[in-house]
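Have a look at the structure below before the remarks.
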Amino acid sequence: MPRLLLLLPTATYRTAAFVEAARRLGVELTVASERPSTFQAANPTGLITLDLAHPERAAEQAREFVRVHPVAGVVGVDDDTAVVAATIAQAIGLPGNPVAAAEAARDKFEQRTRLARAEVPVPRFALHRVDEDPSTFAERVPYPCVVKPLRLSASRGVIRADAPAQFVAAFERLRRILAAPDILACGESARLILVEEFVPGSEHALEGLLVDGELLVLALFDKPDPLDGPYFEETIYVTPSRLRSDAHHALESCAQRAARALGLRTGPVHVELRYNDRGPWLIEMAARPIGGRCSAGLRFGTRDSGLGAGASLEEIILRHTLAMPIDSLEREACASGVMMIPVPRAGVLREVGGIEAARAIPLIDAVEITAHPGEALVPWPEGSRYPGFIFARGDRPAEVEAALREAHRKLEFVFE
(Lines give C-alpha, C1' and ligand atoms only; values in the text may rest on other atoms or scores of the structure.)
Protein backbone atom coordinates (compact mmCIF):
# COMPACT_ATOMS: atom_id res chain seq x y z
CA MET A 1 0.00 0.00 0.00
CA PRO A 2 1.14 3.61 -0.54
CA ARG A 3 2.86 5.37 2.34
CA LEU A 4 1.87 8.88 3.39
CA LEU A 5 4.08 11.30 5.32
CA LEU A 6 1.81 13.25 7.67
CA LEU A 7 3.22 16.34 9.40
CA LEU A 8 1.56 16.65 12.80
CA PRO A 9 2.77 19.20 15.37
CA THR A 10 2.59 17.78 18.88
CA ALA A 11 -0.03 20.41 19.90
CA THR A 12 -2.77 19.57 17.42
CA TYR A 13 -6.30 18.20 17.53
CA ARG A 14 -5.93 16.49 14.13
CA THR A 15 -4.03 13.28 14.95
CA ALA A 16 -6.93 10.89 15.55
CA ALA A 17 -8.91 11.95 12.47
CA PHE A 18 -6.00 11.46 10.07
CA VAL A 19 -4.88 8.19 11.65
CA GLU A 20 -8.43 6.83 11.37
CA ALA A 21 -8.68 7.97 7.75
CA ALA A 22 -5.42 6.18 6.90
CA ARG A 23 -6.65 3.04 8.64
CA ARG A 24 -9.94 3.02 6.72
CA LEU A 25 -8.11 3.47 3.43
CA GLY A 26 -5.41 0.91 4.19
CA VAL A 27 -2.67 3.54 3.82
CA GLU A 28 0.71 3.07 5.46
CA LEU A 29 1.24 6.14 7.62
CA THR A 30 4.41 7.84 8.80
CA VAL A 31 3.69 10.59 11.33
CA ALA A 32 6.32 13.30 11.65
CA SER A 33 6.42 15.68 14.64
CA GLU A 34 8.94 18.21 15.90
CA ARG A 35 9.52 16.26 19.11
CA PRO A 36 10.60 12.61 19.35
CA SER A 37 7.98 10.13 20.52
CA THR A 38 8.68 7.60 23.25
CA PHE A 39 7.38 4.94 20.81
CA GLN A 40 9.61 6.01 17.92
CA ALA A 41 12.27 3.35 18.51
CA ALA A 42 9.63 0.62 18.45
CA ASN A 43 8.05 1.94 15.24
CA PRO A 44 10.80 3.63 13.20
CA THR A 45 8.78 3.68 9.97
CA GLY A 46 5.59 4.98 11.59
CA LEU A 47 7.01 7.76 13.77
CA ILE A 48 9.83 10.13 12.89
CA THR A 49 11.12 13.48 14.10
CA LEU A 50 11.54 16.41 11.70
CA ASP A 51 12.64 19.97 12.36
CA LEU A 52 9.27 21.49 11.47
CA ALA A 53 10.44 24.96 12.49
CA HIS A 54 12.97 24.95 9.63
CA PRO A 55 11.46 23.66 6.36
CA GLU A 56 14.76 23.19 4.51
CA ARG A 57 16.20 21.16 7.37
CA ALA A 58 13.00 19.11 7.58
CA ALA A 59 13.27 18.42 3.84
CA GLU A 60 16.82 17.12 4.27
CA GLN A 61 15.69 14.82 7.06
CA ALA A 62 12.72 13.62 5.03
CA ARG A 63 14.97 12.92 2.03
CA GLU A 64 17.08 10.61 4.17
CA PHE A 65 13.97 8.77 5.38
CA VAL A 66 12.42 8.23 1.94
CA ARG A 67 15.61 6.75 0.55
CA VAL A 68 14.81 3.69 2.63
CA HIS A 69 11.04 4.10 3.01
CA PRO A 70 9.54 5.74 -0.10
CA VAL A 71 6.41 7.84 0.37
CA ALA A 72 3.75 8.64 -2.19
CA GLY A 73 2.52 11.88 -0.65
CA VAL A 74 3.04 14.42 2.10
CA VAL A 75 0.38 16.40 4.00
CA GLY A 76 0.60 19.28 6.47
CA VAL A 77 -2.31 20.06 8.77
CA ASP A 78 -1.73 23.71 9.74
CA ASP A 79 -0.24 26.89 8.27
CA ASP A 80 3.35 26.12 9.26
CA THR A 81 3.38 22.45 8.24
CA ALA A 82 1.74 23.38 4.92
CA VAL A 83 4.97 25.23 4.11
CA VAL A 84 7.06 22.29 5.33
CA ALA A 85 4.96 19.87 3.24
CA ALA A 86 5.50 21.98 0.11
CA THR A 87 9.25 22.10 0.77
CA ILE A 88 9.49 18.34 1.32
CA ALA A 89 7.36 17.54 -1.75
CA GLN A 90 9.61 19.72 -3.89
CA ALA A 91 12.76 18.14 -2.44
CA ILE A 92 11.70 14.54 -3.07
CA GLY A 93 9.86 15.05 -6.34
CA LEU A 94 6.23 14.69 -5.26
CA PRO A 95 3.26 16.81 -6.36
CA GLY A 96 2.63 19.76 -4.07
CA ASN A 97 2.13 23.49 -3.90
CA PRO A 98 4.98 25.81 -4.87
CA VAL A 99 6.86 26.71 -1.71
CA ALA A 100 6.46 30.43 -2.37
CA ALA A 101 2.68 30.00 -2.66
CA ALA A 102 2.46 28.13 0.65
CA GLU A 103 4.60 30.82 2.30
CA ALA A 104 2.39 33.58 0.90
CA ALA A 105 -0.72 31.86 2.23
CA ARG A 106 0.85 31.71 5.70
CA ASP A 107 1.95 35.36 5.81
CA LYS A 108 -1.04 37.72 6.01
CA PHE A 109 0.83 40.73 4.61
CA GLU A 110 2.32 38.86 1.66
CA GLN A 111 -1.09 37.31 1.02
CA ARG A 112 -2.80 40.72 1.09
CA THR A 113 -0.16 42.15 -1.24
CA ARG A 114 -0.54 39.41 -3.84
CA LEU A 115 -4.32 39.47 -3.72
CA ALA A 116 -4.51 43.26 -4.04
CA ARG A 117 -2.13 43.13 -7.00
CA ALA A 118 -4.44 40.60 -8.66
CA GLU A 119 -7.48 42.79 -7.87
CA VAL A 120 -9.03 40.25 -5.53
CA PRO A 121 -11.26 42.27 -3.15
CA VAL A 122 -9.40 42.61 0.15
CA PRO A 123 -9.46 45.25 2.90
CA ARG A 124 -7.10 48.21 2.64
CA PHE A 125 -4.02 47.40 4.69
CA ALA A 126 -0.68 48.68 5.98
CA LEU A 127 2.25 47.06 7.76
CA HIS A 128 3.86 48.45 10.92
CA ARG A 129 6.62 47.39 13.27
CA VAL A 130 5.82 46.59 16.89
CA ASP A 131 8.32 49.19 18.11
CA GLU A 132 6.55 52.05 16.31
CA ASP A 133 4.60 54.60 18.34
CA PRO A 134 0.96 54.07 17.26
CA SER A 135 -0.04 57.56 18.43
CA THR A 136 2.03 59.07 15.60
CA PHE A 137 -0.18 57.57 12.89
CA ALA A 138 -3.45 56.81 14.72
CA GLU A 139 -5.18 59.82 13.13
CA ARG A 140 -4.40 58.53 9.61
CA VAL A 141 -5.87 55.06 10.10
CA PRO A 142 -9.24 54.41 8.36
CA TYR A 143 -11.85 53.56 11.02
CA PRO A 144 -13.16 51.11 11.93
CA CYS A 145 -9.98 49.09 11.56
CA VAL A 146 -8.48 45.81 12.74
CA VAL A 147 -4.98 45.11 14.04
CA LYS A 148 -3.70 41.58 13.62
CA PRO A 149 -0.49 39.53 13.73
CA LEU A 150 1.02 38.11 10.56
CA ARG A 151 1.24 34.46 11.49
CA LEU A 152 -1.09 33.52 14.35
CA SER A 153 -4.25 31.48 13.77
CA ALA A 154 -7.74 31.17 15.31
CA SER A 155 -8.05 35.00 15.48
CA ARG A 156 -5.50 35.20 18.28
CA GLY A 157 -4.41 38.81 18.67
CA VAL A 158 -7.02 40.22 16.27
CA ILE A 159 -8.60 43.40 17.71
CA ARG A 160 -10.98 46.00 16.28
CA ALA A 161 -10.64 49.73 16.93
CA ASP A 162 -13.17 52.46 16.08
CA ALA A 163 -11.23 55.57 17.07
CA PRO A 164 -7.60 56.71 17.61
CA ALA A 165 -7.58 56.05 21.37
CA GLN A 166 -8.93 52.52 20.85
CA PHE A 167 -6.38 51.96 18.09
CA VAL A 168 -3.45 52.92 20.32
CA ALA A 169 -4.73 50.59 23.05
CA ALA A 170 -5.28 47.74 20.59
CA PHE A 171 -1.83 48.19 19.03
CA GLU A 172 -0.15 48.12 22.43
CA ARG A 173 -2.18 45.09 23.54
CA LEU A 174 -1.18 43.17 20.41
CA ARG A 175 2.43 44.21 21.01
CA ARG A 176 2.24 42.54 24.44
CA ILE A 177 0.74 39.39 22.89
CA LEU A 178 3.53 39.22 20.32
CA ALA A 179 6.11 39.39 23.12
CA ALA A 180 5.08 35.93 24.39
CA PRO A 181 7.97 33.43 24.10
CA ASP A 182 6.06 31.01 21.84
CA ILE A 183 5.33 33.82 19.38
CA LEU A 184 8.81 35.35 19.48
CA ALA A 185 10.05 31.97 18.26
CA CYS A 186 8.31 32.71 14.93
CA GLY A 187 11.06 35.22 14.11
CA GLU A 188 10.58 38.42 12.13
CA SER A 189 6.80 37.99 11.81
CA ALA A 190 6.49 38.52 15.59
CA ARG A 191 7.88 42.05 15.15
CA LEU A 192 5.27 43.16 12.62
CA ILE A 193 1.61 44.21 12.91
CA LEU A 194 -0.92 44.36 10.08
CA VAL A 195 -3.48 47.18 10.22
CA GLU A 196 -6.44 46.86 7.87
CA GLU A 197 -9.91 48.31 7.45
CA PHE A 198 -12.77 46.44 9.06
CA VAL A 199 -15.10 44.90 6.47
CA PRO A 200 -18.74 44.73 7.64
CA GLY A 201 -21.14 42.02 6.53
CA SER A 202 -21.86 38.35 7.07
CA GLU A 203 -18.89 36.04 7.50
CA HIS A 204 -18.51 32.65 5.83
CA ALA A 205 -15.97 29.85 5.60
CA LEU A 206 -15.33 27.83 2.46
CA GLU A 207 -13.75 24.40 2.56
CA GLY A 208 -12.27 23.40 -0.76
CA LEU A 209 -9.90 21.13 -2.62
CA LEU A 210 -7.57 22.37 -5.35
CA VAL A 211 -7.00 19.99 -8.26
CA ASP A 212 -4.52 21.29 -10.85
CA GLY A 213 -5.32 24.81 -9.73
CA GLU A 214 -9.10 24.45 -10.00
CA LEU A 215 -11.14 24.93 -6.83
CA LEU A 216 -13.65 22.23 -5.96
CA VAL A 217 -15.97 23.49 -3.23
CA LEU A 218 -16.61 20.91 -0.51
CA ALA A 219 -18.71 23.07 1.82
CA LEU A 220 -19.72 26.68 2.36
CA PHE A 221 -20.42 27.55 6.00
CA ASP A 222 -22.41 30.40 7.48
CA LYS A 223 -21.19 31.94 10.74
CA PRO A 224 -24.51 33.09 12.20
CA ASP A 225 -23.03 34.94 15.18
CA PRO A 226 -21.95 38.46 14.15
CA LEU A 227 -18.17 38.78 14.16
CA ASP A 228 -17.96 42.53 14.64
CA GLY A 229 -15.34 42.68 17.39
CA PRO A 230 -13.72 43.98 19.39
CA TYR A 231 -12.35 40.43 19.43
CA PHE A 232 -13.06 37.66 16.96
CA GLU A 233 -13.51 34.37 18.79
CA GLU A 234 -15.51 32.18 16.42
CA THR A 235 -18.44 30.09 17.59
CA ILE A 236 -20.88 28.44 15.16
CA TYR A 237 -20.32 27.07 11.64
CA VAL A 238 -23.41 25.76 9.78
CA THR A 239 -23.65 24.30 6.28
CA PRO A 240 -25.24 24.50 3.75
CA SER A 241 -25.16 28.27 3.62
CA ARG A 242 -28.46 30.14 3.64
CA LEU A 243 -27.15 32.79 1.24
CA ARG A 244 -28.76 33.29 -2.16
CA SER A 245 -27.27 31.27 -5.02
CA ASP A 246 -25.74 34.36 -6.64
CA ALA A 247 -23.92 35.16 -3.38
CA HIS A 248 -22.71 31.53 -3.27
CA HIS A 249 -21.23 31.86 -6.73
CA ALA A 250 -19.63 35.21 -5.91
CA LEU A 251 -17.87 33.80 -2.82
CA GLU A 252 -16.69 30.71 -4.70
CA SER A 253 -15.39 32.82 -7.60
CA CYS A 254 -13.55 35.10 -5.16
CA ALA A 255 -11.87 32.09 -3.53
CA GLN A 256 -10.84 30.69 -6.92
CA ARG A 257 -9.28 34.00 -7.93
CA ALA A 258 -7.42 34.13 -4.62
CA ALA A 259 -5.94 30.66 -5.10
CA ARG A 260 -4.67 31.63 -8.55
CA ALA A 261 -3.26 34.91 -7.27
CA LEU A 262 -1.31 33.11 -4.54
CA GLY A 263 -0.14 30.36 -6.90
CA LEU A 264 -1.72 27.50 -4.94
CA ARG A 265 -2.23 24.43 -7.12
CA THR A 266 -3.21 21.39 -5.11
CA GLY A 267 -4.66 20.13 -1.85
CA PRO A 268 -7.05 21.47 0.78
CA VAL A 269 -7.79 25.15 1.32
CA HIS A 270 -9.72 26.86 4.10
CA VAL A 271 -11.02 30.29 3.13
CA GLU A 272 -12.51 33.02 5.32
CA LEU A 273 -14.73 35.49 3.45
CA ARG A 274 -17.20 38.28 4.11
CA TYR A 275 -20.17 39.32 2.02
CA ASN A 276 -21.96 42.67 1.95
CA ASP A 277 -23.75 44.95 -0.51
CA ARG A 278 -20.46 45.47 -2.36
CA GLY A 279 -20.01 41.74 -2.90
CA PRO A 280 -17.48 39.21 -1.59
CA TRP A 281 -14.28 40.01 0.33
CA LEU A 282 -11.36 37.67 0.83
CA ILE A 283 -10.32 37.84 4.49
CA GLU A 284 -7.87 34.93 4.54
CA MET A 285 -6.96 31.86 2.50
CA ALA A 286 -5.03 29.02 4.17
CA ALA A 287 -3.35 26.14 2.32
CA ARG A 288 -4.69 23.58 4.79
CA PRO A 289 -7.97 22.05 5.95
CA ILE A 290 -10.29 23.53 8.55
CA GLY A 291 -8.72 23.62 12.01
CA GLY A 292 -9.48 22.09 15.38
CA ARG A 293 -11.98 19.23 15.34
CA CYS A 294 -14.39 21.07 13.07
CA SER A 295 -13.80 18.64 10.20
CA ALA A 296 -15.92 16.10 12.13
CA GLY A 297 -18.92 18.13 11.00
CA LEU A 298 -18.30 17.15 7.36
CA ARG A 299 -19.14 13.82 5.73
CA PHE A 300 -18.94 12.89 2.07
CA GLY A 301 -20.04 10.10 -0.23
CA THR A 302 -17.26 7.98 -1.79
CA ARG A 303 -19.16 5.14 -3.41
CA ASP A 304 -16.13 3.59 -5.11
CA SER A 305 -14.44 3.09 -1.73
CA GLY A 306 -17.10 0.78 -0.43
CA LEU A 307 -17.45 3.08 2.58
CA GLY A 308 -20.73 4.60 1.44
CA ALA A 309 -21.79 8.03 2.67
CA GLY A 310 -19.88 9.22 5.66
CA ALA A 311 -16.31 9.52 4.38
CA SER A 312 -14.41 12.13 6.38
CA LEU A 313 -12.68 15.24 5.09
CA GLU A 314 -9.38 13.61 6.04
CA GLU A 315 -10.15 10.63 3.79
CA ILE A 316 -10.81 12.99 0.89
CA ILE A 317 -7.48 14.74 1.51
CA LEU A 318 -5.55 11.46 1.70
CA ARG A 319 -7.20 10.12 -1.46
CA HIS A 320 -6.34 13.29 -3.35
CA THR A 321 -2.76 13.39 -2.10
CA LEU A 322 -2.13 9.74 -2.99
CA ALA A 323 -3.96 9.94 -6.36
CA MET A 324 -6.52 7.39 -5.19
CA PRO A 325 -9.97 7.41 -6.86
CA ILE A 326 -12.56 9.84 -5.49
CA ASP A 327 -15.97 8.96 -6.80
CA SER A 328 -17.83 11.86 -5.21
CA LEU A 329 -17.02 15.10 -3.39
CA GLU A 330 -20.67 15.71 -2.63
CA ARG A 331 -21.41 16.47 1.00
CA GLU A 332 -24.14 14.54 2.79
CA ALA A 333 -27.67 15.76 2.09
CA CYS A 334 -28.53 16.94 5.60
CA ALA A 335 -27.49 20.19 7.25
CA SER A 336 -24.64 20.03 9.76
CA GLY A 337 -22.90 22.36 12.13
CA VAL A 338 -20.28 22.72 14.80
CA MET A 339 -19.94 25.07 17.74
CA MET A 340 -16.48 25.91 18.95
CA ILE A 341 -17.41 26.33 22.59
CA PRO A 342 -16.54 29.88 23.71
CA VAL A 343 -14.17 30.43 26.63
CA PRO A 344 -16.55 31.70 29.34
CA ARG A 345 -13.87 33.55 31.30
CA ALA A 346 -10.22 33.38 32.32
CA GLY A 347 -9.38 30.89 35.03
CA VAL A 348 -8.30 27.37 35.90
CA LEU A 349 -10.95 24.85 34.94
CA ARG A 350 -12.21 22.53 37.67
CA GLU A 351 -14.95 20.66 35.80
CA VAL A 352 -17.64 20.93 33.14
CA GLY A 353 -21.19 20.01 34.10
CA GLY A 354 -24.24 19.38 31.97
CA ILE A 355 -22.46 17.33 29.30
CA GLU A 356 -25.01 14.50 29.27
CA ALA A 357 -27.89 16.99 29.20
CA ALA A 358 -26.26 18.70 26.21
CA ARG A 359 -25.82 15.37 24.42
CA ALA A 360 -29.50 14.59 24.97
CA ILE A 361 -30.68 17.59 22.96
CA PRO A 362 -32.32 16.43 19.69
CA LEU A 363 -30.06 16.66 16.60
CA ILE A 364 -26.87 16.75 18.70
CA ASP A 365 -24.28 14.27 17.40
CA ALA A 366 -21.53 14.78 19.93
CA VAL A 367 -20.24 17.01 22.72
CA GLU A 368 -16.45 16.85 23.06
CA ILE A 369 -14.74 18.68 25.92
CA THR A 370 -11.04 18.98 25.03
CA ALA A 371 -10.00 21.11 28.01
CA HIS A 372 -8.81 19.18 31.07
CA PRO A 373 -9.37 19.85 34.79
CA GLY A 374 -6.51 22.02 35.99
CA GLU A 375 -6.05 23.64 32.58
CA ALA A 376 -5.97 27.44 32.40
CA LEU A 377 -8.54 28.85 29.97
CA VAL A 378 -7.57 32.10 28.27
CA PRO A 379 -10.19 34.26 26.47
CA TRP A 380 -9.53 36.06 23.19
CA PRO A 381 -7.57 37.99 22.03
CA GLU A 382 -4.74 36.47 24.09
CA GLY A 383 -6.21 32.96 23.83
CA SER A 384 -6.62 30.67 20.83
CA ARG A 385 -7.79 27.30 22.17
CA TYR A 386 -11.42 26.35 22.58
CA PRO A 387 -12.48 24.22 25.57
CA GLY A 388 -14.47 21.89 23.34
CA PHE A 389 -16.78 21.32 20.38
CA ILE A 390 -20.47 20.52 19.85
CA PHE A 391 -21.71 18.82 16.65
CA ALA A 392 -25.23 18.61 15.24
CA ARG A 393 -27.07 17.37 12.15
CA GLY A 394 -30.62 17.98 10.96
CA ASP A 395 -32.88 18.66 8.02
CA ARG A 396 -32.40 22.42 7.96
CA PRO A 397 -29.54 24.78 8.93
CA ALA A 398 -31.78 26.78 11.28
CA GLU A 399 -32.65 23.62 13.25
CA VAL A 400 -28.98 22.70 13.53
CA GLU A 401 -28.06 26.18 14.76
CA ALA A 402 -30.84 26.11 17.36
CA ALA A 403 -29.74 22.69 18.63
CA LEU A 404 -26.13 23.85 19.02
CA ARG A 405 -27.23 26.88 21.04
CA GLU A 406 -29.52 24.82 23.26
CA ALA A 407 -26.79 22.24 23.95
CA HIS A 408 -24.37 25.01 24.83
CA ARG A 409 -26.81 26.45 27.35
CA LYS A 410 -26.77 23.10 29.18
CA LEU A 411 -23.01 23.27 29.85
CA GLU A 412 -21.68 24.70 33.09
CA PHE A 413 -18.00 25.55 33.42
CA VAL A 414 -16.76 25.47 37.01
CA PHE A 415 -13.49 27.23 37.80
CA GLU A 416 -11.13 26.91 40.72
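By convention here, the chains of the C-alpha coordinates are called A, B, ... in the order presented, each chain's residues are numbered starting at 1, and ligands are numbered starting at 1 in the order presented.
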Write out as a ChimeraX atom specification the set of residues from segment 45-89 of chain A that DSSP, computed on the backbone, places in strand (DSSP E). /A:47-49,73-76
Close residues, segment 276-291 of chain A itself excluded, 6 Å, only C-alpha atoms, min 6 positions apart in chain, as a PyMOL selection string: chain A and resi 77-78+105+121-122+201+251+268-270
List the spatial neighbours of Asp228 of chain A as a PDB file with N, CA and C atoms, in the first residue's frame - criterion: any atom at most 8 Å away, only C-alpha atoms, same-chain residues fewer than 2 positions off excluded.
ATOM      1  N   ARG A 160     -10.371  44.887  17.024  1.00  0.00           N
ATOM      2  CA  ARG A 160     -10.979  45.999  16.277  1.00  0.00           C
ATOM      3  C   ARG A 160     -10.830  47.297  17.072  1.00  0.00           C
ATOM      4  N   PRO A 200     -17.484  45.185   7.058  1.00  0.00           N
ATOM      5  CA  PRO A 200     -18.744  44.730   7.637  1.00  0.00           C
ATOM      6  C   PRO A 200     -19.375  43.647   6.762  1.00  0.00           C
ATOM      7  N   PRO A 226     -22.673  37.331  14.757  1.00  0.00           N
ATOM      8  CA  PRO A 226     -21.950  38.462  14.150  1.00  0.00           C
ATOM      9  C   PRO A 226     -20.526  38.555  14.687  1.00  0.00           C
ATOM     10  N   PRO A 230     -15.114  43.597  19.641  1.00  0.00           N
ATOM     11  CA  PRO A 230     -13.717  43.984  19.393  1.00  0.00           C
ATOM     12  C   PRO A 230     -12.755  42.810  19.219  1.00  0.00           C
ATOM     13  N   TYR A 231     -13.176  41.608  19.633  1.00  0.00           N
ATOM     14  CA  TYR A 231     -12.345  40.425  19.430  1.00  0.00           C
ATOM     15  C   TYR A 231     -13.119  39.464  18.528  1.00  0.00           C
ATOM     16  N   PHE A 232     -12.468  38.433  18.031  1.00  0.00           N
ATOM     17  CA  PHE A 232     -13.062  37.661  16.957  1.00  0.00           C
ATOM     18  C   PHE A 232     -13.020  36.158  17.218  1.00  0.00           C
TER      19      PHE A 232
END
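Residue nearest His54 of chain A within the list A:Ala100, A:Val130, A:Ala179, A:Ala185: A:Ala185 [criterion: smallest interatomic distance, only C-alpha atoms].
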Residue nearest Ala161 of chain A among A:Glu56, A:Asp365, A:Glu196, A:Asp51 (counting only C-alpha atoms):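 Closest to Ala161 of chain A, using only C-alpha atoms: A:Glu196.
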Non-local contacts of segment 28-34 of chain A (8 Å; only C-alpha atoms; under 5 positions in same chain excluded) as a PyMOL selection string: chain A and resi 1-10+19+22+45-53
